[in-house]
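K.L.:
input_1.pdb is reproduced in full below (PDB, C-alpha atoms and all ligand atoms).
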ATOM      1  CA  MET X   1      46.533 155.906  23.545
ATOM      2  CA  ARG X   2      46.909 158.825  21.131
ATOM      3  CA  HIS X   3      50.669 159.101  21.468
ATOM      4  CA  SER X   4      51.515 155.456  20.633
ATOM      5  CA  ALA X   5      48.955 155.418  17.757
ATOM      6  CA  CYS X   6      50.772 158.393  16.237
ATOM      7  CA  VAL X   7      54.193 156.731  16.535
ATOM      8  CA  ARG X   8      52.928 153.452  15.031
ATOM      9  CA  GLY X   9      51.257 155.379  12.214
ATOM     10  CA  ARG X  10      54.632 156.482  10.895
ATOM     11  CA  LEU X  11      55.823 152.907  10.584
ATOM     12  CA  ARG X  12      52.696 151.495   8.969
ATOM     13  CA  ASP X  13      53.189 148.883   6.259
ATOM     14  CA  ILE X  14      56.699 148.108   7.342
ATOM     15  CA  VAL X  15      57.529 144.432   7.275
ATOM     16  CA  ALA X  16      60.716 143.656   9.173
ATOM     17  CA  ILE X  17      62.817 140.524   9.170
ATOM     18  CA  TYR X  18      64.751 139.564  12.284
ATOM     19  CA  PRO X  19      67.334 137.068  11.029
ATOM     20  CA  GLY X  20      69.619 134.843  13.044
ATOM     21  CA  SER X  21      70.623 131.356  13.999
ATOM     22  CA  PHE X  22      68.740 131.261  17.349
ATOM     23  CA  ASP X  23      70.609 128.170  18.580
ATOM     24  CA  PRO X  24      68.890 128.426  21.032
ATOM     25  CA  VAL X  25      66.553 131.424  21.355
ATOM     26  CA  THR X  26      67.539 133.481  24.431
ATOM     27  CA  ASN X  27      65.694 136.009  26.576
ATOM     28  CA  GLY X  28      67.704 138.679  24.751
ATOM     29  CA  HIS X  29      66.257 137.576  21.383
ATOM     30  CA  LEU X  30      62.759 137.539  22.876
ATOM     31  CA  ASP X  31      63.249 141.024  24.305
ATOM     32  CA  LEU X  32      64.138 142.269  20.824
ATOM     33  CA  ILE X  33      61.215 140.428  19.212
ATOM     34  CA  HIS X  34      58.796 142.129  21.630
ATOM     35  CA  ARG X  35      60.325 145.529  20.883
ATOM     36  CA  GLY X  36      60.179 144.884  17.122
ATOM     37  CA  ALA X  37      56.581 143.640  17.284
ATOM     38  CA  LYS X  38      55.551 146.960  18.856
ATOM     39  CA  LEU X  39      57.271 148.986  16.175
ATOM     40  CA  PHE X  40      56.583 147.176  12.892
ATOM     41  CA  ASP X  41      53.392 146.032  11.244
ATOM     42  CA  ARG X  42      54.785 142.567  10.717
ATOM     43  CA  LEU X  43      57.901 140.928  12.074
ATOM     44  CA  ILE X  44      59.258 137.749  10.535
ATOM     45  CA  VAL X  45      61.765 135.920  12.709
ATOM     46  CA  ALA X  46      63.916 134.171  10.116
ATOM     47  CA  LEU X  47      66.299 131.300  10.797
ATOM     48  CA  ALA X  48      69.177 131.065   8.367
ATOM     49  CA  ARG X  49      69.825 127.573   7.045
ATOM     50  CA  ASN X  50      73.281 126.326   6.065
ATOM     51  CA  LEU X  51      75.325 128.773   8.124
ATOM     52  CA  ASP X  52      78.999 127.946   8.225
ATOM     53  CA  LYS X  53      79.001 127.619  12.011
ATOM     54  CA  GLY X  54      79.786 123.973  12.720
ATOM     55  CA  GLU X  55      77.474 121.459  14.361
ATOM     56  CA  PRO X  56      74.409 123.217  15.853
ATOM     57  CA  LEU X  57      72.956 122.256  19.237
ATOM     58  CA  PHE X  58      69.405 122.069  17.833
ATOM     59  CA  PRO X  59      68.097 121.094  14.399
ATOM     60  CA  MET X  60      66.321 123.929  12.524
ATOM     61  CA  GLU X  61      62.843 122.496  13.045
ATOM     62  CA  GLU X  62      63.248 122.375  16.826
ATOM     63  CA  ARG X  63      64.533 125.964  16.876
ATOM     64  CA  VAL X  64      61.441 127.021  14.899
ATOM     65  CA  GLU X  65      59.196 125.099  17.302
ATOM     66  CA  MET X  66      60.719 126.852  20.344
ATOM     67  CA  LEU X  67      60.487 130.292  18.721
ATOM     68  CA  GLU X  68      56.873 129.686  17.716
ATOM     69  CA  ALA X  69      55.953 128.613  21.234
ATOM     70  CA  MET X  70      57.688 131.662  22.721
ATOM     71  CA  THR X  71      56.032 134.156  20.339
ATOM     72  CA  ALA X  72      52.565 132.556  20.112
ATOM     73  CA  GLU X  73      50.856 135.510  21.819
ATOM     74  CA  LEU X  74      52.289 138.062  19.374
ATOM     75  CA  GLN X  75      49.778 138.332  16.525
ATOM     76  CA  ASN X  76      52.073 140.130  14.065
ATOM     77  CA  VAL X  77      55.082 137.830  14.523
ATOM     78  CA  SER X  78      55.779 134.727  12.442
ATOM     79  CA  VAL X  79      58.725 132.339  12.272
ATOM     80  CA  GLU X  80      60.287 131.083   9.048
ATOM     81  CA  ILE X  81      63.422 129.416   7.702
ATOM     82  CA  PHE X  82      65.365 130.902   4.797
ATOM     83  CA  ASP X  83      68.147 129.708   2.498
ATOM     84  CA  GLY X  84      70.659 131.822   0.632
ATOM     85  CA  LEU X  85      71.121 135.568   0.813
ATOM     86  CA  LEU X  86      69.174 137.493   3.422
ATOM     87  CA  VAL X  87      68.467 140.428   1.098
ATOM     88  CA  THR X  88      67.034 138.141  -1.606
ATOM     89  CA  TYR X  89      64.754 136.612   0.984
ATOM     90  CA  CYS X  90      63.702 140.121   2.179
ATOM     91  CA  ILE X  91      62.611 141.072  -1.347
ATOM     92  CA  GLU X  92      60.785 137.757  -1.821
ATOM     93  CA  ARG X  93      58.854 138.345   1.416
ATOM     94  CA  GLY X  94      58.133 142.035   0.708
ATOM     95  CA  ALA X  95      60.223 143.161   3.678
ATOM     96  CA  ASN X  96      61.874 146.579   3.700
ATOM     97  CA  VAL X  97      63.705 146.303   7.014
ATOM     98  CA  VAL X  98      66.239 143.961   8.591
ATOM     99  CA  LEU X  99      66.140 144.155  12.369
ATOM    100  CA  ARG X 100      69.323 143.367  14.301
ATOM    101  CA  GLY X 101      70.185 143.681  17.971
ATOM    102  CA  ILE X 102      73.290 145.463  19.183
ATOM    103  CA  ARG X 103      74.384 144.568  22.695
ATOM    104  CA  ALA X 104      77.775 146.192  23.068
ATOM    105  CA  VAL X 105      80.405 148.046  21.049
ATOM    106  CA  SER X 106      81.958 144.650  20.245
ATOM    107  CA  ASP X 107      78.889 143.760  18.125
ATOM    108  CA  TYR X 108      79.142 146.954  16.121
ATOM    109  CA  GLU X 109      81.968 146.108  13.729
ATOM    110  CA  PHE X 110      80.456 142.868  12.452
ATOM    111  CA  GLU X 111      76.945 144.328  12.339
ATOM    112  CA  LEU X 112      78.125 147.418  10.451
ATOM    113  CA  GLN X 113      79.931 145.264   7.884
ATOM    114  CA  MET X 114      76.862 143.083   7.387
ATOM    115  CA  ALA X 115      74.455 146.041   7.184
ATOM    116  CA  LEU X 116      76.596 147.923   4.665
ATOM    117  CA  MET X 117      77.158 144.842   2.514
ATOM    118  CA  ASN X 118      73.430 144.084   2.550
ATOM    119  CA  ARG X 119      72.714 147.697   1.572
ATOM    120  CA  LYS X 120      75.226 147.508  -1.275
ATOM    121  CA  MET X 121      73.556 144.354  -2.592
ATOM    122  CA  GLU X 122      70.010 145.613  -2.050
ATOM    123  CA  PRO X 123      69.515 149.362  -1.391
ATOM    124  CA  ARG X 124      65.752 148.893  -0.941
ATOM    125  CA  VAL X 125      66.333 147.117   2.372
ATOM    126  CA  GLU X 126      67.352 149.142   5.445
ATOM    127  CA  THR X 127      68.921 147.666   8.580
ATOM    128  CA  ILE X 128      67.540 148.926  11.874
ATOM    129  CA  PHE X 129      69.438 148.268  15.086
ATOM    130  CA  MET X 130      67.740 148.008  18.444
ATOM    131  CA  MET X 131      69.216 147.464  21.892
ATOM    132  CA  PRO X 132      67.876 144.721  24.126
ATOM    133  CA  ALA X 133      67.289 145.483  27.804
ATOM    134  CA  GLU X 134      70.562 146.175  29.594
ATOM    135  CA  LYS X 135      70.268 142.986  31.674
ATOM    136  CA  TYR X 136      70.679 140.961  28.454
ATOM    137  CA  SER X 137      73.658 142.885  27.108
ATOM    138  CA  TYR X 138      76.089 140.073  28.035
ATOM    139  CA  LEU X 139      73.852 137.263  26.770
ATOM    140  CA  SER X 140      74.343 135.186  23.607
ATOM    141  CA  SER X 141      73.334 131.742  22.323
ATOM    142  CA  ARG X 142      77.004 130.750  22.291
ATOM    143  CA  ILE X 143      77.380 131.583  26.004
ATOM    144  CA  VAL X 144      74.169 129.692  26.803
ATOM    145  CA  ARG X 145      75.503 126.578  25.005
ATOM    146  CA  GLU X 146      78.831 126.830  26.809
ATOM    147  CA  ILE X 147      77.294 127.280  30.280
ATOM    148  CA  ALA X 148      74.934 124.355  29.602
ATOM    149  CA  ARG X 149      77.817 122.076  28.535
ATOM    150  CA  LEU X 150      79.681 122.968  31.725
ATOM    151  CA  GLY X 151      76.620 122.376  33.917
ATOM    152  CA  GLY X 152      76.133 126.026  34.949
ATOM    153  CA  PRO X 153      72.852 127.825  35.728
ATOM    154  CA  LEU X 154      70.644 129.003  32.843
ATOM    155  CA  ALA X 155      67.834 130.610  34.848
ATOM    156  CA  GLY X 156      67.027 134.082  33.521
ATOM    157  CA  LEU X 157      69.033 133.537  30.327
ATOM    158  CA  VAL X 158      66.501 131.451  28.392
ATOM    159  CA  PRO X 159      62.819 130.600  28.975
ATOM    160  CA  GLU X 160      62.205 127.550  31.194
ATOM    161  CA  MET X 161      60.993 125.403  28.296
ATOM    162  CA  VAL X 162      64.163 126.206  26.350
ATOM    163  CA  GLU X 163      66.323 125.475  29.396
ATOM    164  CA  GLN X 164      64.811 121.985  29.719
ATOM    165  CA  ARG X 165      65.429 121.267  26.044
ATOM    166  CA  VAL X 166      68.991 122.592  26.186
ATOM    167  CA  ARG X 167      69.758 120.359  29.185
ATOM    168  CA  ARG X 168      68.260 117.347  27.390
ATOM    169  CA  ARG X 169      70.244 118.049  24.192
ATOM    170  CA  VAL X 170      73.518 118.513  26.041
ATOM    171  CA  ALA X 171      72.937 115.252  27.950
ATOM    172  CA  GLN X 172      72.152 113.445  24.654
ATOM    173  CA  SER X 173      75.245 114.751  22.915
ATOM    174  CA  GLU X 174      77.441 113.782  25.900
ATOM    175  CA  LEU X 175      75.916 110.301  25.879
ATOM    176  CA  SER X 176      76.486 109.829  22.168
ATOM    177  CA  ALA X 177      80.093 111.057  22.552
ATOM    178  CA  VAL X 178      80.711 108.446  25.312
ATOM    179  CA  THR X 179      79.013 105.695  23.264
ATOM    180  CA  SER X 180      81.045 106.432  20.159
ATOM    181  CA  GLU X 181      84.278 106.513  22.224
ATOM    182  CA  SER X 182      83.548 103.093  23.746
ATOM    183  CA  LYS X 183      82.757 101.472  20.358
ATOM    184  CA  PRO X 184      85.571  99.263  19.007
ATOM    185  CA  LYS X 185      87.462 101.162  16.309
ATOM    186  CA  GLY X 186      87.258  99.762  12.784
ATOM    187  CA  ARG X 187      90.431  99.082  10.796
ATOM    188  CA  ALA X 188      91.834 102.289   9.279
TER
HETATM  189  O1  LIG I   1      72.452 134.925  14.779
HETATM  190  P1  LIG I   1      73.561 135.212  13.846
HETATM  191  O2  LIG I   1      74.389 133.970  13.635
HETATM  192  O3  LIG I   1      74.391 136.397  14.272
HETATM  193  O4  LIG I   1      72.927 135.611  12.411
HETATM  194  C1  LIG I   1      73.733 135.858  11.284
HETATM  195  C2  LIG I   1      72.850 135.992  10.021
HETATM  196  C3  LIG I   1      71.975 134.774   9.863
HETATM  197  C4  LIG I   1      71.975 137.209  10.153
HETATM  198  C5  LIG I   1      73.790 136.158   8.790
HETATM  199  O5  LIG I   1      74.754 135.152   8.791
HETATM  200  C6  LIG I   1      73.029 136.116   7.469
HETATM  201  O6  LIG I   1      72.361 137.063   7.118
HETATM  202  N1  LIG I   1      73.108 134.967   6.749
HETATM  203  C7  LIG I   1      72.433 134.778   5.485
HETATM  204  C8  LIG I   1      73.413 134.757   4.315
HETATM  205  C9  LIG I   1      73.764 136.174   3.854
HETATM  206  O7  LIG I   1      72.939 136.931   3.413
HETATM  207  N2  LIG I   1      75.058 136.503   4.017
HETATM  208  C10 LIG I   1      75.590 137.798   3.639
HETATM  209  C11 LIG I   1      75.590 138.743   4.830
HETATM  210  S1  LIG I   1      76.337 140.291   4.428
END
Would you put the structure from the file into structure tokens?
Ligand code: PNS

P.N.:
Amino acid sequence: MRHSACVRGRLRDIVAIYPGSFDPVTNGHLDLIHRGAKLFDRLIVALARNLDKGEPLFPMEERVEMLEAMTAELQNVSVEIFDGLLVTYCIERGANVVLRGIRAVSDYEFELQMALMNRKMEPRVETIFMMPAEKYSYLSSRIVREIARLGGPLAGLVPEMVEQRVRRRVAQSELSAVTSESKPKGRA
């Protein structure tokens, strides 16, 4: 199609990084990845290691595995893990754009702070915000984890394969909590 070729032409040679914790990947993340893949030449979905966010539901490697499975059909999308500052990683990977999703006004303050701080540290990298489909505007990994722990429905929030893994993980962590509670306590 002539129109879409023209639009893509303007964004040629743009490598974008879509960073996050993806614990777990949701349909909202996947919506944004599909939008980004249409716009940029290359999109690297980058999982940040060592975030100060407490105990994750999934180890990094399993999050990568799920993201890779969910993006396998997108030729210009890859999945990586990064350590340290996002902007340093962008320069190392030759990326000129950070892609972030904005769902509601409540996201804006934190995202603005992060984008401006990243720009101050590295003016060569621009942050581009995109909105996921409206039906995902209330969706987050944190809400998915909470609903799963309380036994609520996850259909439509995450892909089926992710739902099965989330259920398994939650069951495992509940089992290990019960087992550790029933173990005799050692002397303090
Ligand atoms: O999915 P999240 O948890 O909202 O993603 C946050 C993330 C990973 C994008 C952010 O914490 C980040 O960029 N971490 C890397 C460390 C860094 O560069 N921190 C300075 C940000 S101004």

K.L.:
Taking into account only C-alpha atoms and all ligand atoms, which residue in the set X:Val166, X:Ile14, X:Ala115, X:Met60 is nearest to ligand LIG 1 (chain I)?

P.N.:
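The answer is X:Ala115, which sits nearest to ligand LIG 1 (chain I).
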
K.L.:
For X:Glu174, list every protein, DNA or RNA residue within 12 Å, evaluated using only C-alpha atoms, and leave out those in the same chain fewer than 6 positions away; present the list as a VMD selection string.

P.N.:
chain X and resid 57 148 to 151 167 to 168 180 to 181

K.L.:
What is the atom CA of X:Leu67 to atom CA of X:Tyr138 distance in Å?

P.N.:
20.6 Å

K.L.:
What does the PyMOL selection byres (((not hetatm)) within 12 of (chain I and resi 1)) select in this file, as a PyMOL selection string?

P.N.:
chain X and resi 17-26+28-29+45-54+56+81-90+98-103+107-108+110-122+127+140-142

K.L.:
Need the shell around X:Asp13: protein/DNA/RNA residues with any atom at most 12 Å away, counting all atoms listed in the file. Skip same-chain ones fewer than 6 positions apart. Format as a PDB file with C-alpha atoms, in the coordinates of the input?

P.N.:
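Output file result-v9.pdb follows:
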ATOM      1  CA  LEU X  39      57.271 148.986  16.175  1.00  0.00           C
ATOM      2  CA  PHE X  40      56.583 147.176  12.892  1.00  0.00           C
ATOM      3  CA  ASP X  41      53.392 146.032  11.244  1.00  0.00           C
ATOM      4  CA  ARG X  42      54.785 142.567  10.717  1.00  0.00           C
ATOM      5  CA  LEU X  43      57.901 140.928  12.074  1.00  0.00           C
ATOM      6  CA  ASN X  76      52.073 140.130  14.065  1.00  0.00           C
ATOM      7  CA  GLY X  94      58.133 142.035   0.708  1.00  0.00           C
ATOM      8  CA  ALA X  95      60.223 143.161   3.678  1.00  0.00           C
ATOM      9  CA  ASN X  96      61.874 146.579   3.700  1.00  0.00           C
ATOM     10  CA  VAL X  97      63.705 146.303   7.014  1.00  0.00           C
TER      11      VAL X  97
END

K.L.:
One decimal, in Å: what's the spacing between atom CA of X:Glu62 and atom CA of X:Glu126?

P.N.:
29.4 Å

K.L.:
Could you work out how far atom CA of X:Glu80 lies from atom CA of X:Leu32, giving the answer in Å with one decimal?

P.N.:
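That distance, rounded to one decimal, is 16.7 Å.
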
K.L.:
Of the residues X:Met70, X:Val170, X:Val105, X:Val15, which is the one nearest to X:Glu146, using all atoms listed in the file?

P.N.:
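Between X:Met70, X:Val170, X:Val105, X:Val15, the residue approaching X:Glu146 most closely is X:Val170.
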
K.L.:
Anything within 6 Å of (62.4, 128.3, 14.0): list those residues as number ranges by chain, counting all atoms listed in the file and sticking to the file's coordinates.

P.N.:
X: 47, 61, 63-65, 67, 79

K.L.:
Next, write the just-selected residues to a file, as an mmCIF file, in the coordinates of the input, keeping C-alpha atoms as the atom set.

P.N.:
data_model
loop_
_atom_site.group_PDB
_atom_site.id
_atom_site.type_symbol
_atom_site.label_atom_id
_atom_site.label_comp_id
_atom_site.auth_asym_id
_atom_site.auth_seq_id
_atom_site.Cartn_x
_atom_site.Cartn_y
_atom_site.Cartn_z
ATOM 1 C CA LEU X 47 66.299 131.300 10.797
ATOM 2 C CA GLU X 61 62.843 122.496 13.045
ATOM 3 C CA ARG X 63 64.533 125.964 16.876
ATOM 4 C CA VAL X 64 61.441 127.021 14.899
ATOM 5 C CA GLU X 65 59.196 125.099 17.302
ATOM 6 C CA LEU X 67 60.487 130.292 18.721
ATOM 7 C CA VAL X 79 58.725 132.339 12.272
#

K.L.:
Calculated over all atoms listed in the file, which of the candidates X:Val144, X:Ile128, X:Leu139, X:Ala16 has the smallest distance to X:Val162?

P.N.:
X:Val144

K.L.:
Between X:Met66, X:Pro59, X:Ser137, X:Gly36, single out the one closest to X:Met161, counting all atoms listed in the file.

P.N.:
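Selected residue with least distance to X:Met161: X:Met66.
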
K.L.:
Find, counting all atoms listed in the file, the residue in X:Val77, X:Ala171, X:Ala133, X:Val158 that gets nearest to X:Ile44.

P.N.:
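Ranked by minimum distance to X:Ile44, first place goes to X:Val77.
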
K.L.:
Here is a test: counting all atoms listed in the file, which residue of X:Val178, X:Leu30, X:Val125, X:Ser173 is nearest to X:Ala69?

P.N.:
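Using all atoms listed in the file, the shortest distance to X:Ala69 belongs to X:Leu30.
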